[in-house]
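Notes for the one structure printed next.
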Amino acid sequence: MKFLIFFSMLALTFSCIKTAEQVEREKRMETMSEQMKDSQGLVADMVSDLKELKNQINKLNGRLEELEHKNGQMSPETLTKMNETVTMLKAQQETSTTQLNQIQNELKEQRAFIEKVTTSLSSQSSGASKSQKKSAKNELNHALELIKKDAFADARAELEPLIDHSDLTPGEKNKVLFGLGKVEYFTKNHEKSMVYFSKIFTRFPKASLAPACLLFIGRNLEKMNKKDEAKEAFTKVIEDYPGTTEAKEAKKEL
């Protein structure tokens with residue numbers, strides 16, 4: 001019972017850990033989101049300006065019609081002044097139309113730019129994903145070779161970024177955790193080692209690595225002077241995985 005309680009606490013602790021890769025990925029997504037929001041805000045502002053310019057043009061046209069209607073009832077002097085006003089209003093209308101066309105063109109360019117950037121980023125992401133997938137597997141295999149050579153520090157540095165790598169299969173991720181568990185065990189970081197082995201065992205108790213994980217959990221407990229919990233772990237290896245190499249090793253530990 002003590003073993004199960006201790007085991008559950010370690011698994012819960014591990015679930016709260018965020019890798020550096022996860023944090024960096026979240027930051028990049030937040031940055032992209034903010035950039036898209038800024039672009040959308042700019043487009044909304046332009047649309048608002050367009051509506052305002054259209055309203056101004058409609059008002060100018062209304063005033064022109066009103067002036068033309070009153071021309072027949074005014075003196076020559078007044079008509080001259082009104083004609084000058086009409087000429088000025090027409091000039092303003094032409095200027096407004098020019099500005100309207102300019103904003104419409106800028107809006108089209110902005111939308112085209114956003115579409116181009118989005119397409120480019122999507123293409124880059126796809127290409128990077130394929131490259132990272134190949135690279136991630138190579139790094140995993142290389143790190144496992146480093147463990148065999150007792151190069152634990154170098155192996156840890158290569159394995160930690162791969163813990164939640166999106167391009168690795170569940171089986172490959174288990175190998176990452178198992179490798180880190182061994183690294184921490186052999187460098188005497190027994191609590192941390194137990195966290196990695198517990199992650200595999202609690203989620204995949206029928207996986208091929210499960211018996212070895214439980215065996216190493218028992219060994220870690222023994223190194224931490226938790227004799228009773230260690231005995232429970234070794235006994236569970238023998239009972240749950242009879243006939244395995246790990247079961248034979250567990251009997252030697254008792």
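Letters A, B, ... go to the chains of the structure tokens in the order shown; residues in each chain start at 1; ligands are counted from 1 in the same order.
Around A:Ile200, within 9 Å and counting only C-alpha atoms, the residues found are Asn174, Leu177, Phe178, Tyr196, Phe197, Arg203, Phe204, Pro205, Ala207, Leu209, Ala210 and Cys213 of chain A, once anything fewer than 3 positions away on its own chain is removed.
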Å distance separating atom CA of A:Leu144 from atom CA of A:Lys231, one decimal place: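 Taking atom CA of A:Leu144 as the start and atom CA of A:Lys231 as the end point, the length is 28.9 Å.
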Å distance separating atom CA of A:Ile217 from atom CA of A:Ile147, one decimal place: 18.4 Å
Nearest-residue call for A:Asn189, choices A:Ala212, A:Leu221, A:Ala250, A:Ala230, using only C-alpha atoms: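 Looking at the shortest contact to A:Asn189, the residue is A:Leu221.
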Enumerate as a PDB file with C-alpha atoms, in the first residue's frame all residues of stretch 115-249 of chain A assigned to alpha helix (DSSP H) by DSSP on the backbone, naming them with the chain letters and numbers the document uses.
ATOM      1  CA  GLU A 115      -2.685  35.157 -47.315  1.00  0.00           C
ATOM      2  CA  LYS A 116       0.865  34.956 -48.662  1.00  0.00           C
ATOM      3  CA  VAL A 117       2.423  34.920 -45.193  1.00  0.00           C
ATOM      4  CA  THR A 118      -0.062  32.328 -43.931  1.00  0.00           C
ATOM      5  CA  THR A 119       0.628  30.056 -46.901  1.00  0.00           C
ATOM      6  CA  SER A 120       4.376  30.479 -46.480  1.00  0.00           C
ATOM      7  CA  LEU A 121       4.261  29.676 -42.764  1.00  0.00           C
ATOM      8  CA  SER A 122       2.122  26.615 -43.413  1.00  0.00           C
ATOM      9  CA  SER A 123       4.606  25.361 -45.994  1.00  0.00           C
ATOM     10  CA  GLN A 124       7.578  25.999 -43.724  1.00  0.00           C
ATOM     11  CA  SER A 125       5.841  24.232 -40.846  1.00  0.00           C
ATOM     12  CA  SER A 126       5.186  21.167 -43.002  1.00  0.00           C
ATOM     13  CA  GLY A 127       8.777  21.012 -44.206  1.00  0.00           C
ATOM     14  CA  ALA A 128      10.154  21.554 -40.716  1.00  0.00           C
ATOM     15  CA  SER A 129       7.918  18.807 -39.348  1.00  0.00           C
ATOM     16  CA  LYS A 130       9.369  16.217 -41.743  1.00  0.00           C
ATOM     17  CA  SER A 131      12.908  17.319 -40.958  1.00  0.00           C
ATOM     18  CA  GLN A 132      12.273  17.289 -37.210  1.00  0.00           C
ATOM     19  CA  LYS A 133      10.743  13.810 -37.376  1.00  0.00           C
ATOM     20  CA  LYS A 134      13.873  12.361 -38.915  1.00  0.00           C
ATOM     21  CA  SER A 135      16.075  14.373 -36.586  1.00  0.00           C
ATOM     22  CA  ALA A 136      14.124  13.348 -33.468  1.00  0.00           C
ATOM     23  CA  LYS A 137      14.492   9.634 -34.198  1.00  0.00           C
ATOM     24  CA  ASN A 138      18.174  10.041 -34.918  1.00  0.00           C
ATOM     25  CA  GLU A 139      18.700  11.925 -31.667  1.00  0.00           C
ATOM     26  CA  LEU A 140      16.833   9.238 -29.725  1.00  0.00           C
ATOM     27  CA  ASN A 141      18.948   6.440 -31.160  1.00  0.00           C
ATOM     28  CA  HIS A 142      22.130   8.406 -30.589  1.00  0.00           C
ATOM     29  CA  ALA A 143      21.177   9.161 -26.981  1.00  0.00           C
ATOM     30  CA  LEU A 144      20.484   5.480 -26.270  1.00  0.00           C
ATOM     31  CA  GLU A 145      23.929   4.647 -27.614  1.00  0.00           C
ATOM     32  CA  LEU A 146      25.432   7.279 -25.302  1.00  0.00           C
ATOM     33  CA  ILE A 147      23.812   5.545 -22.309  1.00  0.00           C
ATOM     34  CA  LYS A 148      25.529   2.285 -23.274  1.00  0.00           C
ATOM     35  CA  PHE A 152      24.977  10.068 -19.068  1.00  0.00           C
ATOM     36  CA  ALA A 153      25.197  13.878 -19.138  1.00  0.00           C
ATOM     37  CA  ASP A 154      25.255  13.982 -22.940  1.00  0.00           C
ATOM     38  CA  ALA A 155      22.442  11.433 -23.155  1.00  0.00           C
ATOM     39  CA  ARG A 156      20.284  13.492 -20.776  1.00  0.00           C
ATOM     40  CA  ALA A 157      20.838  16.647 -22.844  1.00  0.00           C
ATOM     41  CA  GLU A 158      19.614  14.891 -25.991  1.00  0.00           C
ATOM     42  CA  LEU A 159      16.692  13.023 -24.412  1.00  0.00           C
ATOM     43  CA  PRO A 170       4.134   6.488 -28.256  1.00  0.00           C
ATOM     44  CA  GLY A 171       6.610   3.604 -28.289  1.00  0.00           C
ATOM     45  CA  GLU A 172       9.490   5.945 -29.096  1.00  0.00           C
ATOM     46  CA  LYS A 173       8.409   8.335 -26.347  1.00  0.00           C
ATOM     47  CA  ASN A 174       8.493   5.412 -23.908  1.00  0.00           C
ATOM     48  CA  LYS A 175      12.081   4.760 -24.982  1.00  0.00           C
ATOM     49  CA  VAL A 176      12.876   8.411 -24.237  1.00  0.00           C
ATOM     50  CA  LEU A 177      11.428   8.124 -20.733  1.00  0.00           C
ATOM     51  CA  PHE A 178      13.096   4.777 -20.130  1.00  0.00           C
ATOM     52  CA  GLY A 179      16.453   6.176 -21.233  1.00  0.00           C
ATOM     53  CA  LEU A 180      16.080   9.156 -18.907  1.00  0.00           C
ATOM     54  CA  GLY A 181      15.090   6.841 -16.077  1.00  0.00           C
ATOM     55  CA  LYS A 182      18.298   4.868 -16.534  1.00  0.00           C
ATOM     56  CA  VAL A 183      20.368   8.055 -16.771  1.00  0.00           C
ATOM     57  CA  GLU A 184      18.998   9.325 -13.462  1.00  0.00           C
ATOM     58  CA  TYR A 185      19.339   5.899 -11.820  1.00  0.00           C
ATOM     59  CA  PHE A 186      22.996   5.544 -12.710  1.00  0.00           C
ATOM     60  CA  HIS A 190      16.685   8.136  -7.649  1.00  0.00           C
ATOM     61  CA  GLU A 191      13.526  10.185  -7.090  1.00  0.00           C
ATOM     62  CA  LYS A 192      13.731  11.670 -10.572  1.00  0.00           C
ATOM     63  CA  SER A 193      14.499   8.240 -12.002  1.00  0.00           C
ATOM     64  CA  MET A 194      11.342   6.857 -10.417  1.00  0.00           C
ATOM     65  CA  VAL A 195       9.267   9.611 -12.008  1.00  0.00           C
ATOM     66  CA  TYR A 196      10.335   8.584 -15.511  1.00  0.00           C
ATOM     67  CA  PHE A 197       9.836   4.846 -14.946  1.00  0.00           C
ATOM     68  CA  SER A 198       6.485   5.491 -13.246  1.00  0.00           C
ATOM     69  CA  LYS A 199       5.273   7.467 -16.250  1.00  0.00           C
ATOM     70  CA  ILE A 200       5.624   4.410 -18.485  1.00  0.00           C
ATOM     71  CA  PHE A 201       4.348   1.857 -15.990  1.00  0.00           C
ATOM     72  CA  THR A 202       1.210   3.750 -14.956  1.00  0.00           C
ATOM     73  CA  ARG A 203       0.119   4.554 -18.502  1.00  0.00           C
ATOM     74  CA  ALA A 210       6.750  -2.165 -18.208  1.00  0.00           C
ATOM     75  CA  PRO A 211       8.499  -5.079 -16.395  1.00  0.00           C
ATOM     76  CA  ALA A 212      11.883  -3.345 -16.610  1.00  0.00           C
ATOM     77  CA  CYS A 213      10.340  -0.081 -15.399  1.00  0.00           C
ATOM     78  CA  LEU A 214       8.831  -1.771 -12.354  1.00  0.00           C
ATOM     79  CA  LEU A 215      12.132  -3.527 -11.635  1.00  0.00           C
ATOM     80  CA  PHE A 216      13.987  -0.196 -11.727  1.00  0.00           C
ATOM     81  CA  ILE A 217      11.304   1.378  -9.530  1.00  0.00           C
ATOM     82  CA  GLY A 218      12.049  -1.288  -6.923  1.00  0.00           C
ATOM     83  CA  ARG A 219      15.789  -0.706  -7.237  1.00  0.00           C
ATOM     84  CA  ASN A 220      15.314   3.035  -6.825  1.00  0.00           C
ATOM     85  CA  LEU A 221      13.197   2.492  -3.725  1.00  0.00           C
ATOM     86  CA  GLU A 222      15.865   0.232  -2.317  1.00  0.00           C
ATOM     87  CA  LYS A 223      18.558   2.878  -2.926  1.00  0.00           C
ATOM     88  CA  LYS A 227      12.846  -1.411   1.915  1.00  0.00           C
ATOM     89  CA  ASP A 228       9.182  -2.328   2.325  1.00  0.00           C
ATOM     90  CA  GLU A 229       8.068  -0.445  -0.792  1.00  0.00           C
ATOM     91  CA  ALA A 230      10.979  -1.933  -2.754  1.00  0.00           C
ATOM     92  CA  LYS A 231       9.970  -5.434  -1.700  1.00  0.00           C
ATOM     93  CA  GLU A 232       6.413  -4.761  -2.865  1.00  0.00           C
ATOM     94  CA  ALA A 233       7.707  -3.615  -6.246  1.00  0.00           C
ATOM     95  CA  PHE A 234       9.911  -6.691  -6.728  1.00  0.00           C
ATOM     96  CA  THR A 235       7.063  -8.980  -5.675  1.00  0.00           C
ATOM     97  CA  LYS A 236       4.737  -7.293  -8.172  1.00  0.00           C
ATOM     98  CA  VAL A 237       7.274  -7.862 -10.966  1.00  0.00           C
ATOM     99  CA  ILE A 238       7.334 -11.583 -10.146  1.00  0.00           C
ATOM    100  CA  GLU A 239       3.557 -11.879  -9.901  1.00  0.00           C
ATOM    101  CA  ASP A 240       2.543  -9.704 -12.871  1.00  0.00           C
ATOM    102  CA  THR A 245      14.024 -11.808 -17.364  1.00  0.00           C
ATOM    103  CA  GLU A 246      12.917  -8.995 -15.052  1.00  0.00           C
ATOM    104  CA  ALA A 247      11.036 -11.473 -12.844  1.00  0.00           C
ATOM    105  CA  LYS A 248      14.211 -13.523 -12.447  1.00  0.00           C
ATOM    106  CA  GLU A 249      16.152 -10.364 -11.572  1.00  0.00           C
TER     107      GLU A 249
END
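Between atom CA of A:Thr187 and atom CA of A:Glu160 the separation is 15.3 Å.
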